[in-house]
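K.L.:
Pasting final-v9.tsv here (TSV, C-alpha atoms and all ligand atoms):
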chain	number	residue	atom	x	y	z
J	1	MET	CA	167.96	67.39	187.24
J	2	ALA	CA	168.16	64.28	185.04
J	3	LEU	CA	165.70	64.03	182.15
J	4	LEU	CA	164.73	60.53	183.27
J	5	ASP	CA	165.16	59.35	186.85
J	6	VAL	CA	164.42	55.68	187.54
J	7	LYS	CA	164.42	54.46	191.15
J	8	ASP	CA	163.87	51.09	192.86
J	9	LEU	CA	162.08	49.69	189.82
J	10	THR	CA	160.73	46.14	190.21
J	11	ILE	CA	158.32	44.02	188.18
J	12	SER	CA	157.47	40.33	188.40
J	13	PHE	CA	155.44	38.04	186.18
J	14	GLY	CA	154.10	35.20	188.31
J	15	GLY	CA	157.18	33.88	190.05
J	16	VAL	CA	159.70	35.51	187.65
J	17	THR	CA	161.23	38.83	188.66
J	18	ALA	CA	162.03	40.45	185.31
J	19	ILE	CA	163.40	43.72	186.75
J	20	ALA	CA	164.68	43.97	190.32
J	21	ASP	CA	165.34	47.18	192.23
J	22	LEU	CA	166.79	48.96	189.19
J	23	HIS	CA	167.99	52.55	189.30
J	24	PHE	CA	169.61	54.85	186.72
J	25	GLU	CA	169.44	58.41	185.40
J	26	VAL	CA	169.43	59.63	181.79
J	27	PRO	CA	170.79	63.16	181.33
J	28	GLU	CA	169.57	65.59	178.65
J	29	SER	CA	170.87	65.26	175.04
J	30	GLN	CA	172.74	62.02	175.62
J	31	VAL	CA	172.77	58.54	174.16
J	32	TYR	CA	172.27	56.17	177.07
J	33	ALA	CA	172.47	52.45	176.28
J	34	VAL	CA	170.97	49.56	178.21
J	35	ILE	CA	172.66	46.26	177.43
J	36	GLY	CA	172.42	42.73	178.78
J	37	PRO	CA	172.03	39.17	177.59
J	38	ASN	CA	168.80	37.74	176.13
J	39	GLY	CA	166.09	37.73	178.76
J	40	ALA	CA	167.91	40.26	180.98
J	41	GLY	CA	164.80	42.45	181.08
J	42	LYS	CA	165.53	45.21	178.56
J	43	THR	CA	162.24	45.11	176.66
J	44	THR	CA	160.35	44.77	179.93
J	45	LEU	CA	162.10	47.94	181.10
J	46	PHE	CA	161.04	49.77	177.92
J	47	ASN	CA	157.48	48.58	178.42
J	48	MET	CA	157.46	50.14	181.89
J	49	LEU	CA	159.07	53.37	180.67
J	50	SER	CA	156.41	53.75	177.99
J	51	GLY	CA	153.43	52.96	180.24
J	52	ILE	CA	152.64	49.53	178.76
J	53	TYR	CA	153.55	47.66	181.97
J	54	LYS	CA	152.98	48.98	185.48
J	55	PRO	CA	155.85	48.17	187.85
J	56	ASN	CA	155.15	46.47	191.18
J	57	GLU	CA	157.42	48.98	192.88
J	58	GLY	CA	159.51	52.02	192.17
J	59	SER	CA	159.27	55.31	190.34
J	60	ILE	CA	160.03	56.61	186.84
J	61	ARG	CA	160.25	60.38	186.79
J	62	PHE	CA	160.44	62.17	183.46
J	63	GLN	CA	161.25	65.90	183.66
J	64	GLY	CA	160.28	65.62	187.32
J	65	LYS	CA	156.85	64.07	186.61
J	66	GLU	CA	155.87	60.51	187.50
J	67	ILE	CA	155.27	58.14	184.57
J	68	VAL	CA	154.08	55.18	186.65
J	69	GLY	CA	150.28	55.02	186.55
J	70	ARG	CA	149.97	56.82	183.20
J	71	ARG	CA	148.72	55.15	180.04
J	72	PRO	CA	150.97	54.78	176.97
J	73	HIS	CA	149.38	57.67	175.02
J	74	GLN	CA	149.73	59.93	178.08
J	75	VAL	CA	153.41	59.01	178.42
J	76	ALA	CA	153.91	59.71	174.70
J	77	LYS	CA	152.25	63.09	175.13
J	78	MET	CA	154.68	63.92	177.94
J	79	GLY	CA	157.51	63.62	175.38
J	80	VAL	CA	158.58	59.97	175.39
J	81	SER	CA	158.47	58.24	171.97
J	82	ARG	CA	159.60	54.74	171.13
J	83	THR	CA	160.43	52.37	168.33
J	84	PHE	CA	159.85	48.64	168.56
J	85	GLN	CA	162.01	45.53	168.26
J	86	ASN	CA	159.64	44.26	165.57
J	87	LEU	CA	158.41	46.72	162.96
J	88	GLN	CA	155.06	48.32	163.77
J	89	MET	CA	154.14	49.54	160.31
J	90	PHE	CA	150.90	50.09	158.38
J	91	PHE	CA	151.94	48.32	155.21
J	92	ASN	CA	148.89	49.41	153.21
J	93	MET	CA	149.76	53.09	153.72
J	94	SER	CA	152.41	55.37	152.23
J	95	VAL	CA	155.61	56.24	154.09
J	96	LEU	CA	154.31	59.78	154.63
J	97	ASP	CA	151.00	58.56	156.09
J	98	ASN	CA	152.84	56.15	158.40
J	99	VAL	CA	154.85	59.03	159.79
J	100	LYS	CA	151.80	61.33	160.05
J	101	VAL	CA	150.42	58.84	162.58
J	102	GLY	CA	153.16	60.08	164.91
J	103	CYS	CA	151.94	63.68	164.60
J	104	HIS	CA	148.52	63.21	166.13
J	105	LEU	CA	150.00	63.67	169.61
J	106	ARG	CA	150.84	67.23	168.65
J	107	THR	CA	147.43	68.10	167.17
J	108	HIS	CA	144.30	68.88	169.14
J	109	SER	CA	141.21	68.25	167.01
J	110	HIS	CA	138.42	65.98	168.13
J	111	LEU	CA	136.97	63.16	166.08
J	112	TRP	CA	133.74	65.02	165.24
J	113	SER	CA	135.60	67.96	163.71
J	114	ALA	CA	137.68	65.51	161.68
J	115	ALA	CA	134.52	63.84	160.41
J	116	LEU	CA	133.04	67.21	159.39
J	117	ARG	CA	136.34	68.34	157.80
J	118	LEU	CA	136.19	71.65	159.69
J	119	PRO	CA	138.79	74.31	158.74
J	120	ASN	CA	140.97	73.66	161.79
J	121	ILE	CA	141.27	70.03	160.69
J	122	LEU	CA	142.49	71.00	157.25
J	123	LYS	CA	145.05	73.29	158.83
J	124	GLU	CA	146.23	70.56	161.20
J	125	GLU	CA	146.38	68.11	158.32
J	126	ARG	CA	148.73	70.46	156.45
J	127	GLN	CA	150.76	70.96	159.61
J	128	SER	CA	151.05	67.19	160.21
J	129	GLN	CA	152.14	66.76	156.62
J	130	ALA	CA	154.89	69.34	157.09
J	131	TRP	CA	156.10	67.78	160.38
J	132	ALA	CA	156.12	64.30	158.85
J	133	ARG	CA	158.09	65.47	155.79
J	134	GLU	CA	160.57	67.24	158.06
J	135	ALA	CA	161.11	64.06	160.13
J	136	LEU	CA	161.51	61.94	156.99
J	137	ILE	CA	164.06	64.33	155.48
J	138	PHE	CA	165.95	64.37	158.81
J	139	CYS	CA	166.14	60.56	158.63
J	140	GLY	CA	167.45	60.67	155.05
J	141	LEU	CA	164.23	59.29	153.57
J	142	GLU	CA	163.21	62.05	151.16
J	143	ALA	CA	163.27	59.67	148.19
J	144	TYR	CA	160.70	57.36	149.82
J	145	ILE	CA	158.10	59.88	151.04
J	146	ASP	CA	155.30	58.93	148.64
J	147	GLN	CA	156.12	55.26	148.27
J	148	PRO	CA	153.89	52.52	149.71
J	149	ALA	CA	155.42	51.04	152.87
J	150	ASP	CA	155.05	47.46	151.64
J	151	ALA	CA	157.45	48.09	148.73
J	152	LEU	CA	160.40	49.08	150.89
J	153	PRO	CA	163.40	47.16	152.23
J	154	TYR	CA	163.63	46.38	155.93
J	155	GLY	CA	166.49	48.83	156.57
J	156	VAL	CA	164.44	51.73	155.19
J	157	LEU	CA	161.39	50.74	157.22
J	158	LYS	CA	163.47	50.78	160.43
J	159	ARG	CA	164.24	54.44	159.69
J	160	VAL	CA	160.61	55.20	158.83
J	161	GLU	CA	159.71	54.00	162.33
J	162	ILE	CA	162.27	56.39	163.77
J	163	ALA	CA	160.88	59.24	161.65
J	164	ARG	CA	157.41	58.49	163.03
J	165	ALA	CA	158.71	58.60	166.60
J	166	LEU	CA	160.50	61.90	165.88
J	167	ALA	CA	157.40	63.43	164.29
J	168	ALA	CA	155.87	63.45	167.79
J	169	GLN	CA	158.72	65.77	168.86
J	170	PRO	CA	159.90	63.75	171.85
J	171	LYS	CA	162.42	64.83	174.47
J	172	LEU	CA	163.31	61.17	175.00
J	173	LEU	CA	163.42	58.51	172.29
J	174	LEU	CA	163.41	54.84	173.32
J	175	MET	CA	165.01	52.71	170.59
J	176	ASP	CA	164.58	48.95	170.89
J	177	GLU	CA	167.27	47.21	168.80
J	178	PRO	CA	167.46	49.70	165.92
J	179	ALA	CA	170.31	47.78	164.24
J	180	ALA	CA	168.71	44.31	164.42
J	181	GLY	CA	168.53	42.83	160.92
J	182	LEU	CA	170.57	45.64	159.32
J	183	ASN	CA	173.59	45.04	157.10
J	184	ASP	CA	176.95	46.75	157.79
J	185	THR	CA	176.23	49.84	155.65
J	186	GLU	CA	172.79	50.30	157.16
J	187	THR	CA	174.27	49.87	160.66
J	188	VAL	CA	176.74	52.69	160.03
J	189	GLU	CA	173.87	54.87	158.73
J	190	MET	CA	171.89	54.04	161.86
J	191	ARG	CA	174.84	55.04	164.06
J	192	GLU	CA	175.04	58.41	162.29
J	193	LEU	CA	171.29	58.92	162.62
J	194	ILE	CA	171.38	58.20	166.37
J	195	ARG	CA	174.22	60.71	166.76
J	196	ARG	CA	172.30	63.36	164.80
J	197	ILE	CA	169.18	62.79	166.89
J	198	SER	CA	171.05	63.35	170.15
J	199	LYS	CA	172.70	66.49	168.73
J	200	THR	CA	169.24	68.05	168.30
J	201	GLY	CA	168.79	67.90	172.10
J	202	ILE	CA	166.76	64.66	172.23
J	203	SER	CA	168.02	61.99	174.62
J	204	VAL	CA	168.18	58.48	173.21
J	205	LEU	CA	167.70	55.42	175.40
J	206	LEU	CA	169.13	52.61	173.34
J	207	VAL	CA	168.65	48.86	173.71
J	208	GLU	CA	170.96	47.11	171.29
J	209	HIS	CA	172.84	43.83	170.90
J	210	ASN	CA	175.41	45.18	168.42
J	211	MET	CA	178.24	45.99	170.84
J	212	GLY	CA	180.27	47.85	168.21
J	213	LEU	CA	177.41	50.26	167.67
J	214	VAL	CA	176.74	50.62	171.40
J	215	MET	CA	180.37	51.40	172.21
J	216	GLN	CA	180.68	53.97	169.40
J	217	VAL	CA	177.47	55.86	169.93
J	218	SER	CA	176.78	55.84	173.68
J	219	ASP	CA	177.69	58.49	176.23
J	220	ARG	CA	176.96	56.09	179.09
J	221	ILE	CA	175.97	52.44	179.38
J	222	LEU	CA	173.89	50.51	181.91
J	223	VAL	CA	174.40	46.75	182.03
J	224	ILE	CA	171.62	44.58	183.42
J	225	ASP	CA	171.69	40.89	184.12
J	226	TYR	CA	168.70	38.89	185.38
J	227	GLY	CA	166.86	42.23	185.75
J	228	SER	CA	169.45	43.73	188.12
J	229	ARG	CA	172.03	46.46	187.66
J	230	LEU	CA	175.41	44.89	187.01
J	231	ALA	CA	177.42	47.97	186.02
J	232	GLU	CA	177.03	51.56	184.81
J	233	GLY	CA	179.53	53.96	183.29
J	234	LEU	CA	181.38	55.29	180.28
J	235	PRO	CA	181.82	52.90	177.32
J	236	GLU	CA	185.51	52.34	178.11
J	237	GLU	CA	184.69	51.57	181.75
J	238	ILE	CA	182.07	49.04	180.69
J	239	GLN	CA	184.38	47.48	178.09
J	240	ASN	CA	187.03	46.87	180.73
J	241	ASN	CA	184.75	45.83	183.58
J	242	PRO	CA	185.58	42.18	184.47
J	243	LYS	CA	182.06	41.56	185.84
J	244	VAL	CA	180.58	42.63	182.50
J	245	ILE	CA	183.03	40.60	180.46
J	246	GLU	CA	182.41	37.53	182.59
J	247	ALA	CA	178.67	37.69	183.20
J	248	TYR	CA	177.38	39.33	180.05
J	249	LEU	CA	179.83	38.48	177.32
J	250	GLY	CA	180.97	35.10	178.59
J	251	GLY	CA	184.64	36.04	178.46
J	252	GLU	CA	184.81	37.07	174.77
J	253	VAL	CA	184.02	40.53	173.48
J	254	GLN	CA	183.63	41.67	169.86
J	255	TYR	CA	183.47	45.45	169.52
J	256	ALA	CA	183.89	46.02	165.78
J	257	VAL	CA	180.78	47.16	163.86
J	301	LIG	N1	154.51	39.45	179.74
J	301	LIG	C1	155.36	38.60	180.33
J	301	LIG	N2	154.91	37.52	181.02
J	301	LIG	C2	155.76	36.67	181.61
J	301	LIG	N3	157.09	36.80	181.60
J	301	LIG	C3	157.60	37.84	180.92
J	301	LIG	C4	156.78	38.80	180.25
J	301	LIG	N4	157.58	39.73	179.67
J	301	LIG	C5	158.85	39.37	179.97
J	301	LIG	N5	158.85	38.24	180.72
J	301	LIG	C6	160.05	37.57	181.25
J	301	LIG	O1	160.89	38.59	181.78
J	301	LIG	C7	162.26	38.32	181.50
J	301	LIG	C8	162.87	39.45	180.73
J	301	LIG	O2	162.39	39.46	179.36
J	301	LIG	P1	162.70	40.64	178.33
J	301	LIG	O3	161.97	40.31	177.05
J	301	LIG	O4	162.43	41.94	178.95
J	301	LIG	O5	164.27	40.46	178.10
J	301	LIG	P2	165.21	41.19	177.06
J	301	LIG	O6	166.42	41.62	177.81
J	301	LIG	O7	164.48	42.26	176.33
J	301	LIG	O8	165.58	40.01	176.05
J	301	LIG	P3	166.01	40.07	174.50
J	301	LIG	O9	167.41	40.65	174.49
J	301	LIG	O10	165.99	38.63	174.08
J	301	LIG	O11	165.01	40.91	173.76
J	301	LIG	C9	162.28	36.98	180.77
J	301	LIG	O12	162.51	35.97	181.72
J	301	LIG	C10	160.90	36.90	180.17
J	301	LIG	O13	160.52	35.57	179.96
When written as structure tokens, how does the structure in this file appear?
P.N.:
Amino acid sequence: MALLDVKDLTISFGGVTAIADLHFEVPESQVYAVIGPNGAGKTTLFNMLSGIYKPNEGSIRFQGKEIVGRRPHQVAKMGVSRTFQNLQMFFNMSVLDNVKVGCHLRTHSHLWSAALRLPNILKEERQSQAWAREALIFCGLEAYIDQPADALPYGVLKRVEIARALAAQPKLLLMDEPAAGLNDTETVEMRELIRRISKTGISVLLVEHNMGLVMQVSDRILVIDYGSRLAEGLPEEIQNNPKVIEAYLGGEVQYAV
């Protein structure tokens, strides 16, 4: 059984069909990329996968359970975490506290026990701290743990977002343009981080415009155009697919990172 099984997915906004009859499957422990030109529907797809948008038709099954109809926090609790195209950071908080936000899905205390500082809260607080540190170290951010988020460069903050998503211990990580705005060195670091994440058994669903990165890191690639499936396959199949070259890349392809 695939980890994620998307069937007949369709969503329209007014007269615009953003995703039309889309289907694909993401296996366990793989990097699965979704590519397509600007406006192809990639972010809209992520918004449906994470419960932000409700499709007009179709199903999204994660580990056999339906996602459609669930709210974003419920989807996250099922094991689907995401990062955003634009940074979603609390700039007045430390790096560690930003990542601890991702841990609350794994803790169980209610608001009233938090307010009263009951013993279970203190224990969970320590546990969240440990999980957050672990995620930050995994992302190579040990040196930044206690620093305020607003003092850090953009490339570091992109990885803090990933650490926060990992602190929730997902089975599937949705990454929306992780390399956008990164320089060449940071892009190579991001590629290595994505590889390490998938080696831990987490599947990565990657939306990314940097074709070099996509081709190097992905196990399989789905190409969408005007919300519809144009092609799907191994990176070398996609690279050599005339429909992809013509429709998506306009005849010229640059694959170097
Ligand atoms: N909330 C919305 N209301 C109306 N139209 C929308 C909405 N969200 C997306 N769309 C439309 O759906 C289509 C797909 O947009 P989407 O942002 O998903 O594309 P994308 O592939 O992520 O683009 P990019 O690569 O530029 O991020 C576009 O035509 C867009 O204008």
K.L.:
When you look at region 219-234 of chain J with a cut-off of 7 Å (counting all atoms listed in the file), what residues show up, excluding the ones that are within fewer than 6 positions of it in the same chain? I need them as an MDAnalysis selection string.
P.N.:
chainID J and resid 18:22 30:37 40:41
K.L.:
Need the shell around region 68-82 of chain J: protein/DNA/RNA residues with any atom at most 7 Å away, counting all atoms listed in the file. Skip same-chain ones fewer than 3 positions apart. Format as a list of chain:residue names?
P.N.:
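The contact residues come out as J:Ser50, J:Gly51, J:Ile52, J:Lys54, J:Ser59, J:Ile60, J:Leu105, J:Ala165, J:Gln169, J:Pro170, J:Lys171, J:Leu172, J:Leu173, J:Leu174, J:Met175.
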K.L.:
Need the shell around Lys7 (chain J): protein/DNA/RNA residues with any atom at most 6 Å away, counting only C-alpha atoms. Skip same-chain ones fewer than 2 positions apart. Format as a JSON list (two decimals) with C-alpha atoms, keeping the file's coordinate frame?
P.N.:
[["chain", "number", "residue", "atom", "x", "y", "z"],
["J", 9, "LEU", "CA", 162.08, 49.69, 189.82],
["J", 23, "HIS", "CA", 167.99, 52.55, 189.30],
["J", 58, "GLY", "CA", 159.51, 52.02, 192.17],
["J", 59, "SER", "CA", 159.27, 55.31, 190.34]]
K.L.:
Hey, which of J:Arg164, J:His209, J:Lys199, J:Arg126 ends up closest to ligand LIG 301 (chain J)? Count all atoms listed in the file.
P.N.:
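Under the stated criterion, the closest residue is J:His209.
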K.L.:
Counting all atoms listed in the file, find residues at most 10 Å from (151.6, 67.3, 157.7) (file frame) and give them as a list in words.
P.N.:
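Those within range, by chain then number, are Leu96, Asp97, Val99, Lys100, Val101, Cys103, His104, Leu122, Lys123, Glu124, Glu125, Arg126, Gln127, Ser128, Gln129, Ala130, Trp131, Ala132, Arg133, Glu134 and Ala167 of chain J.
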K.L.:
Just write the chosen residues, C-alpha atoms, as a PDB file, keeping the file's coordinate frame.
P.N.:
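In the end it all went to part-v4.pdb:
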ATOM      1  CA  LEU J  96     154.310  59.780 154.630  1.00  0.00           C
ATOM      2  CA  ASP J  97     151.000  58.560 156.090  1.00  0.00           C
ATOM      3  CA  VAL J  99     154.850  59.030 159.790  1.00  0.00           C
ATOM      4  CA  LYS J 100     151.800  61.330 160.050  1.00  0.00           C
ATOM      5  CA  VAL J 101     150.420  58.840 162.580  1.00  0.00           C
ATOM      6  CA  CYS J 103     151.940  63.680 164.600  1.00  0.00           C
ATOM      7  CA  HIS J 104     148.520  63.210 166.130  1.00  0.00           C
ATOM      8  CA  LEU J 122     142.490  71.000 157.250  1.00  0.00           C
ATOM      9  CA  LYS J 123     145.050  73.290 158.830  1.00  0.00           C
ATOM     10  CA  GLU J 124     146.230  70.560 161.200  1.00  0.00           C
ATOM     11  CA  GLU J 125     146.380  68.110 158.320  1.00  0.00           C
ATOM     12  CA  ARG J 126     148.730  70.460 156.450  1.00  0.00           C
ATOM     13  CA  GLN J 127     150.760  70.960 159.610  1.00  0.00           C
ATOM     14  CA  SER J 128     151.050  67.190 160.210  1.00  0.00           C
ATOM     15  CA  GLN J 129     152.140  66.760 156.620  1.00  0.00           C
ATOM     16  CA  ALA J 130     154.890  69.340 157.090  1.00  0.00           C
ATOM     17  CA  TRP J 131     156.100  67.780 160.380  1.00  0.00           C
ATOM     18  CA  ALA J 132     156.120  64.300 158.850  1.00  0.00           C
ATOM     19  CA  ARG J 133     158.090  65.470 155.790  1.00  0.00           C
ATOM     20  CA  GLU J 134     160.570  67.240 158.060  1.00  0.00           C
ATOM     21  CA  ALA J 167     157.400  63.430 164.290  1.00  0.00           C
TER      22      ALA J 167
END
K.L.:
Rounded to one decimal, what separation in Å do you get between CA of Gly64 (chain J) and CA of Ile197 (chain J)?
P.N.:
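Atom-to-atom, CA of Gly64 (chain J) to CA of Ile197 (chain J), that is 22.5 Å.
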K.L.:
May I ask for the distance between CA of Glu66 (chain J) and CA of Met48 (chain J), given in Å to one decimal place?
P.N.:
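That distance, rounded to one decimal, is 11.9 Å.
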K.L.:
Taking all atoms listed in the file into account, which of J:Ala143, J:Ile121, J:Leu152, J:Leu193 comes nearest Met89 (chain J)?
P.N.:
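The answer is J:Leu152, which sits nearest to Met89 (chain J).
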K.L.:
Work out how far CA of Asn240 (chain J) is from CA of Asn38 (chain J), in Å to one decimal.
P.N.:
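Answer for the CA of Asn38 (chain J) to CA of Asn240 (chain J) separation: 20.9 Å.
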K.L.:
Please provide the set of residues having any atom within 6 Å of region 154-163 of chain J, restricted to all atoms listed in the file, with same-chain residues fewer than 5 positions apart removed, written as a compact mmCIF listing (two decimals) with C-alpha atoms, in the frame of the given file.
P.N.:
# COMPACT_ATOMS: atom_id res chain seq x y z
CA ALA J 135 161.11 64.06 160.13
CA LEU J 136 161.51 61.94 156.99
CA LEU J 182 170.57 45.64 159.32
K.L.:
So, counting all atoms listed in the file, which residue among J:Val16, J:Met93, J:Met190, J:Cys139 is closest to Asn210 (chain J)?
P.N.:
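Under the stated criterion, the closest residue is J:Met190.
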K.L.:
Put the listed atoms of ligand LIG 301 (chain J) in a box along x, y and z with 6 Å added on every side and give me the centre and edge lengths in Å to one decimal, as AutoDock Vina command-line options.
P.N.:
--center_x 161.0 --center_y 38.9 --center_z 177.8 --size_x 24.9 --size_y 18.7 --size_z 20.0
K.L.:
Restricting the calculation to only C-alpha atoms, which member of J:Gly201, J:Pro242, J:Pro148, J:Pro178 is positioned closest to Val214 (chain J)?
P.N.:
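Among the listed residues, J:Pro178 lies closest to Val214 (chain J).
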K.L.:
For a quick check of understanding, using only C-alpha atoms, which of J:Ala247, J:Ile238, J:Leu4, J:Ile11 has the smallest distance to Met215 (chain J)?
P.N.:
J:Ile238
K.L.:
Looking at J:Asn86, J:Ser218, J:Asn241, J:Thr200, which one is nearest to ligand LIG 301 (chain J), with distances taken over all atoms listed in the file?
P.N.:
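Of the candidates, the smallest distance to ligand LIG 301 (chain J) is held by J:Asn86.
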K.L.:
List the neighbours of Glu25 (chain J) out to 7 Å using all atoms listed in the file; skip same-chain residues closer than 5 positions along the sequence, and give me the result as a list in words.
P.N.:
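Surrounding residues, per the criterion: Ala2, Leu4, Asp5 and Val6 of chain J.
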